[in-house]
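**Q** Please find one structure pasted underneath; my questions will follow.
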Amino acid sequence: MLVLKQILLSGMLVLVLALSACNSSADPKPNPSNGSSTPPVVNQENPSPSTPQETYFLYFNNIQKDPKMLDCEVVYPTTRSYKKGINYEEVLSALLNGPTEEEKSEGFVPVSVRSYALNYVIISGNTAKIDFKILEISGSCAVASFRSQLTETFKQFPGVSSVAISLLGEDEGILEP
């Protein structure tokens, strides 16, 4: 069933990409509220000056702004510039890959996930649904931080007010310490 779902999602993505390639509008805008993926990320370190850019926020804990980290759910934004219209999976991947060296020097600390494999990210209504194939995280602070980082990062997309996290479609007991 999972393989069939992945094949269907892949087929839908190919169809969306094919239709968007046929679109002749001068300034195509991604529409995160429809549940489809949007185009890819570019090197955030040295983007081409002629490439249209968008700025996105990634939320991390920060040991300079909160040295004692008494509340693990408190996260702070850092900005990244990407090629216009990146997709949700790429935003999540950037978050899970952690802060850049420059961001680390500013006190941002990475997500405390030991291992993960993403299944999908979709926006449905006002909820970003993030499903993992593998997700290994432990400790109450790490779990609270991870949930907060995901929620705050995805709330920047139009219409998103909540995040549902699941593992192979199951959400019961997923992020418990």
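Lettering and numbering for the structure tokens are positional, with chains as A, B, ... in the shown order, residues counted from 1 in each chain, and ligands counted from 1 in the shown order.
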For Val143 (chain A), list every protein, DNA or RNA residue within 12 Å, evaluated using only C-alpha atoms, and leave out those in the same chain fewer than 6 positions away; present the list as a ChimeraX atom specification.
**A** /A:71-73,111-114,135-137,149-150,165,173-177
**Q** Create the file for the chosen residues now, containing N, CA and C atoms and written as a PDB file, in the first residue's frame.
**A**
```pdb
ATOM      1  N   ASP A  71      13.715  26.588  28.027  1.00  0.00           N
ATOM      2  CA  ASP A  71      12.505  26.161  27.336  1.00  0.00           C
ATOM      3  C   ASP A  71      12.914  25.681  25.948  1.00  0.00           C
ATOM      4  N   CYS A  72      12.924  24.386  25.752  1.00  0.00           N
ATOM      5  CA  CYS A  72      13.401  23.785  24.499  1.00  0.00           C
ATOM      6  C   CYS A  72      12.535  24.154  23.301  1.00  0.00           C
ATOM      7  N   GLU A  73      11.318  24.620  23.551  1.00  0.00           N
ATOM      8  CA  GLU A  73      10.412  24.965  22.461  1.00  0.00           C
ATOM      9  C   GLU A  73      10.671  26.353  21.879  1.00  0.00           C
ATOM     10  N   VAL A 111      19.019  20.583  14.631  1.00  0.00           N
ATOM     11  CA  VAL A 111      17.935  19.728  15.103  1.00  0.00           C
ATOM     12  C   VAL A 111      18.575  18.466  15.672  1.00  0.00           C
ATOM     13  N   SER A 112      18.042  17.977  16.775  1.00  0.00           N
ATOM     14  CA  SER A 112      18.620  16.803  17.433  1.00  0.00           C
ATOM     15  C   SER A 112      17.954  15.513  16.952  1.00  0.00           C
ATOM     16  N   VAL A 113      18.102  15.216  15.673  1.00  0.00           N
ATOM     17  CA  VAL A 113      17.548  13.993  15.105  1.00  0.00           C
ATOM     18  C   VAL A 113      18.716  13.082  14.752  1.00  0.00           C
ATOM     19  N   ARG A 114      18.681  11.837  15.262  1.00  0.00           N
ATOM     20  CA  ARG A 114      19.774  10.899  14.978  1.00  0.00           C
ATOM     21  C   ARG A 114      19.712  10.382  13.554  1.00  0.00           C
ATOM     22  N   LEU A 135      12.348   7.929  11.693  1.00  0.00           N
ATOM     23  CA  LEU A 135      12.552   9.104  12.526  1.00  0.00           C
ATOM     24  C   LEU A 135      13.063   8.639  13.875  1.00  0.00           C
ATOM     25  N   GLU A 136      14.325   8.937  14.150  1.00  0.00           N
ATOM     26  CA  GLU A 136      14.921   8.570  15.427  1.00  0.00           C
ATOM     27  C   GLU A 136      15.324   9.832  16.168  1.00  0.00           C
ATOM     28  N   ILE A 137      14.627  10.078  17.254  1.00  0.00           N
ATOM     29  CA  ILE A 137      14.889  11.238  18.093  1.00  0.00           C
ATOM     30  C   ILE A 137      14.544  10.823  19.521  1.00  0.00           C
ATOM     31  N   GLN A 149      10.541  23.503  15.981  1.00  0.00           N
ATOM     32  CA  GLN A 149      11.271  23.907  14.784  1.00  0.00           C
ATOM     33  C   GLN A 149      10.451  23.631  13.524  1.00  0.00           C
ATOM     34  N   LEU A 150       9.854  22.450  13.449  1.00  0.00           N
ATOM     35  CA  LEU A 150       9.006  22.113  12.299  1.00  0.00           C
ATOM     36  C   LEU A 150       7.803  23.044  12.212  1.00  0.00           C
ATOM     37  N   ILE A 165       2.761  15.591  12.416  1.00  0.00           N
ATOM     38  CA  ILE A 165       3.939  14.767  12.165  1.00  0.00           C
ATOM     39  C   ILE A 165       3.548  13.311  12.343  1.00  0.00           C
ATOM     40  N   GLY A 173       1.905   8.594  19.439  1.00  0.00           N
ATOM     41  CA  GLY A 173       3.145   8.307  20.143  1.00  0.00           C
ATOM     42  C   GLY A 173       4.415   8.568  19.350  1.00  0.00           C
ATOM     43  N   ILE A 174       4.302   9.294  18.250  1.00  0.00           N
ATOM     44  CA  ILE A 174       5.454   9.524  17.385  1.00  0.00           C
ATOM     45  C   ILE A 174       6.521  10.352  18.064  1.00  0.00           C
ATOM     46  N   LEU A 175       6.169  11.504  18.561  1.00  0.00           N
ATOM     47  CA  LEU A 175       7.162  12.369  19.184  1.00  0.00           C
ATOM     48  C   LEU A 175       6.957  12.424  20.697  1.00  0.00           C
ATOM     49  N   GLU A 176       7.251  11.296  21.300  1.00  0.00           N
ATOM     50  CA  GLU A 176       7.194  11.218  22.753  1.00  0.00           C
ATOM     51  C   GLU A 176       8.603  10.970  23.250  1.00  0.00           C
ATOM     52  N   PRO A 177       8.977  11.605  24.344  1.00  0.00           N
ATOM     53  CA  PRO A 177      10.352  11.451  24.862  1.00  0.00           C
ATOM     54  C   PRO A 177      10.688  10.024  25.227  1.00  0.00           C
TER      55      PRO A 177
END
```
**Q** Name the residues in contact with Leu70 (chain A) at a cut-off of 12 Å, using only C-alpha atoms, excluding same-chain residues fewer than 3 positions from it; report them as number ranges by chain.
**A** A: 61-63, 65-67, 73-75, 141, 144-145
**Q** Can you write out the residues you just picked, keeping N, CA and C atoms, as a PDB file, in the first residue's frame?
**A**
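Written output follows (result_30.pdb):
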```pdb
ATOM      1  N   ASN A  61      17.037  26.330  17.642  1.00  0.00           N
ATOM      2  CA  ASN A  61      17.387  26.844  18.960  1.00  0.00           C
ATOM      3  C   ASN A  61      18.639  27.699  18.774  1.00  0.00           C
ATOM      4  N   ASN A  62      18.865  28.608  19.732  1.00  0.00           N
ATOM      5  CA  ASN A  62      20.032  29.478  19.611  1.00  0.00           C
ATOM      6  C   ASN A  62      20.649  29.667  20.988  1.00  0.00           C
ATOM      7  N   ILE A  63      21.881  29.194  21.137  1.00  0.00           N
ATOM      8  CA  ILE A  63      22.526  29.252  22.452  1.00  0.00           C
ATOM      9  C   ILE A  63      23.102  30.620  22.786  1.00  0.00           C
ATOM     10  N   LYS A  65      21.220  33.492  22.032  1.00  0.00           N
ATOM     11  CA  LYS A  65      20.025  34.220  22.436  1.00  0.00           C
ATOM     12  C   LYS A  65      19.364  33.602  23.657  1.00  0.00           C
ATOM     13  N   ASP A  66      19.609  32.319  23.885  1.00  0.00           N
ATOM     14  CA  ASP A  66      19.018  31.589  25.002  1.00  0.00           C
ATOM     15  C   ASP A  66      20.067  30.614  25.546  1.00  0.00           C
ATOM     16  N   PRO A  67      21.092  31.144  26.251  1.00  0.00           N
ATOM     17  CA  PRO A  67      22.237  30.325  26.671  1.00  0.00           C
ATOM     18  C   PRO A  67      21.884  29.114  27.526  1.00  0.00           C
ATOM     19  N   GLU A  73      11.318  24.620  23.551  1.00  0.00           N
ATOM     20  CA  GLU A  73      10.412  24.965  22.461  1.00  0.00           C
ATOM     21  C   GLU A  73      10.671  26.353  21.879  1.00  0.00           C
ATOM     22  N   VAL A  74      11.530  27.137  22.519  1.00  0.00           N
ATOM     23  CA  VAL A  74      11.820  28.480  22.020  1.00  0.00           C
ATOM     24  C   VAL A  74      12.832  28.365  20.880  1.00  0.00           C
ATOM     25  N   VAL A  75      12.413  28.788  19.693  1.00  0.00           N
ATOM     26  CA  VAL A  75      13.266  28.735  18.510  1.00  0.00           C
ATOM     27  C   VAL A  75      13.332  30.113  17.867  1.00  0.00           C
ATOM     28  N   CYS A 141      13.596  17.168  25.667  1.00  0.00           N
ATOM     29  CA  CYS A 141      13.977  18.471  25.124  1.00  0.00           C
ATOM     30  C   CYS A 141      14.135  18.385  23.607  1.00  0.00           C
ATOM     31  N   ALA A 144      10.622  18.225  21.995  1.00  0.00           N
ATOM     32  CA  ALA A 144       9.937  19.525  22.051  1.00  0.00           C
ATOM     33  C   ALA A 144      10.571  20.511  21.065  1.00  0.00           C
ATOM     34  N   SER A 145      11.882  20.510  21.005  1.00  0.00           N
ATOM     35  CA  SER A 145      12.596  21.394  20.089  1.00  0.00           C
ATOM     36  C   SER A 145      12.276  21.051  18.638  1.00  0.00           C
TER      37      SER A 145
END
```
**Q** DSSP says helix (DSSP H, G or I) for which residues of region 65-126 of chain A? Put them as number ranges by chain?
**A** A: 88-97, 101-105
**Q** Write the selection just made, keeping all heavy atoms, as a compact mmCIF listing (two decimals), in the first residue's frame?
**A**
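out17.txt, freshly written:
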```
# COMPACT_ATOMS: atom_id res chain seq x y z
N TYR A 88 8.39 22.11 -0.38
CA TYR A 88 8.33 21.86 1.07
C TYR A 88 9.38 20.85 1.53
O TYR A 88 9.95 20.99 2.61
CB TYR A 88 6.94 21.39 1.47
CG TYR A 88 5.85 22.30 1.00
CD1 TYR A 88 4.82 21.83 0.18
CD2 TYR A 88 5.84 23.65 1.34
CE1 TYR A 88 3.82 22.68 -0.26
CE2 TYR A 88 4.85 24.50 0.89
CZ TYR A 88 3.84 24.00 0.10
OH TYR A 88 2.86 24.83 -0.33
N GLU A 89 9.60 19.81 0.73
CA GLU A 89 10.60 18.81 1.10
C GLU A 89 11.98 19.44 1.22
O GLU A 89 12.77 19.08 2.09
CB GLU A 89 10.64 17.66 0.08
CG GLU A 89 9.43 16.75 0.13
CD GLU A 89 8.27 17.23 -0.73
OE1 GLU A 89 8.37 18.31 -1.36
OE2 GLU A 89 7.24 16.54 -0.78
N GLU A 90 12.28 20.39 0.35
CA GLU A 90 13.58 21.05 0.40
C GLU A 90 13.72 21.96 1.61
O GLU A 90 14.79 22.07 2.19
CB GLU A 90 13.83 21.80 -0.90
CG GLU A 90 14.05 20.82 -2.05
CD GLU A 90 13.99 21.46 -3.40
OE1 GLU A 90 13.18 22.39 -3.60
OE2 GLU A 90 14.73 21.02 -4.27
N VAL A 91 12.63 22.60 2.00
CA VAL A 91 12.66 23.41 3.23
C VAL A 91 12.93 22.49 4.42
O VAL A 91 13.78 22.78 5.26
CB VAL A 91 11.34 24.18 3.42
CG1 VAL A 91 11.28 24.82 4.79
CG2 VAL A 91 11.16 25.23 2.34
N LEU A 92 12.21 21.36 4.48
CA LEU A 92 12.40 20.42 5.58
C LEU A 92 13.83 19.86 5.57
O LEU A 92 14.47 19.77 6.61
CB LEU A 92 11.38 19.29 5.50
CG LEU A 92 11.49 18.23 6.59
CD1 LEU A 92 11.31 18.86 7.97
CD2 LEU A 92 10.47 17.14 6.36
N SER A 93 14.34 19.52 4.40
CA SER A 93 15.70 19.00 4.29
C SER A 93 16.71 20.02 4.78
O SER A 93 17.65 19.69 5.51
CB SER A 93 15.98 18.61 2.84
OG SER A 93 17.29 18.13 2.73
N ALA A 94 16.53 21.28 4.40
CA ALA A 94 17.43 22.34 4.86
C ALA A 94 17.38 22.46 6.38
O ALA A 94 18.42 22.61 7.03
CB ALA A 94 17.07 23.67 4.20
N LEU A 95 16.18 22.36 6.95
CA LEU A 95 16.04 22.43 8.40
C LEU A 95 16.75 21.26 9.07
O LEU A 95 17.52 21.43 10.02
CB LEU A 95 14.55 22.43 8.79
CG LEU A 95 14.25 22.48 10.28
CD1 LEU A 95 14.65 23.83 10.86
CD2 LEU A 95 12.78 22.21 10.54
N LEU A 96 16.52 20.05 8.56
CA LEU A 96 17.12 18.86 9.17
C LEU A 96 18.63 18.77 8.94
O LEU A 96 19.33 18.15 9.72
CB LEU A 96 16.42 17.61 8.65
CG LEU A 96 14.96 17.48 9.10
CD1 LEU A 96 14.27 16.34 8.39
CD2 LEU A 96 14.85 17.33 10.60
N ASN A 97 19.12 19.42 7.89
CA ASN A 97 20.57 19.46 7.66
C ASN A 97 21.26 20.43 8.60
O ASN A 97 22.47 20.44 8.71
CB ASN A 97 20.88 19.80 6.20
CG ASN A 97 20.60 18.63 5.29
OD1 ASN A 97 20.67 17.48 5.70
ND2 ASN A 97 20.26 18.93 4.05
N GLU A 101 27.69 26.92 8.72
CA GLU A 101 28.79 27.27 9.63
C GLU A 101 28.64 28.70 10.14
O GLU A 101 28.87 28.98 11.31
CB GLU A 101 30.15 27.06 8.96
CG GLU A 101 30.49 25.60 8.72
CD GLU A 101 30.45 24.76 10.00
OE1 GLU A 101 30.99 25.19 11.03
OE2 GLU A 101 29.87 23.65 9.95
N GLU A 102 28.23 29.60 9.26
CA GLU A 102 28.02 31.00 9.67
C GLU A 102 26.90 31.09 10.71
O GLU A 102 27.03 31.81 11.71
CB GLU A 102 27.68 31.86 8.45
CG GLU A 102 27.48 33.32 8.80
CD GLU A 102 27.14 34.17 7.58
OE1 GLU A 102 27.42 33.77 6.45
OE2 GLU A 102 26.57 35.25 7.81
N GLU A 103 25.82 30.36 10.49
CA GLU A 103 24.70 30.38 11.44
C GLU A 103 25.12 29.77 12.77
O GLU A 103 24.73 30.26 13.84
CB GLU A 103 23.50 29.63 10.86
CG GLU A 103 22.87 30.37 9.68
CD GLU A 103 21.92 29.51 8.86
OE1 GLU A 103 21.96 28.26 8.94
OE2 GLU A 103 21.12 30.11 8.12
N LYS A 104 25.93 28.72 12.74
CA LYS A 104 26.44 28.12 13.98
C LYS A 104 27.25 29.14 14.76
O LYS A 104 27.16 29.21 15.99
CB LYS A 104 27.28 26.89 13.68
CG LYS A 104 26.48 25.68 13.26
CD LYS A 104 27.40 24.52 12.93
CE LYS A 104 26.63 23.33 12.40
NZ LYS A 104 27.51 22.22 12.00
N SER A 105 28.04 29.96 14.05
CA SER A 105 28.84 30.98 14.74
C SER A 105 27.95 32.05 15.36
O SER A 105 28.38 32.76 16.26
CB SER A 105 29.85 31.61 13.78
OG SER A 105 29.21 32.46 12.85
```
**Q** What gap, in Å, lies between CA of Ala128 (chain A) and CA of Gly107 (chain A)?
**A**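 Separating CA of Ala128 (chain A) from CA of Gly107 (chain A) is a distance of 27.5 Å.
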**Q** One number please: CA of Gln53 (chain A) to CA of Thr151 (chain A), in Å, one decimal.
**A**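 Separating CA of Gln53 (chain A) from CA of Thr151 (chain A) is a distance of 23.4 Å.
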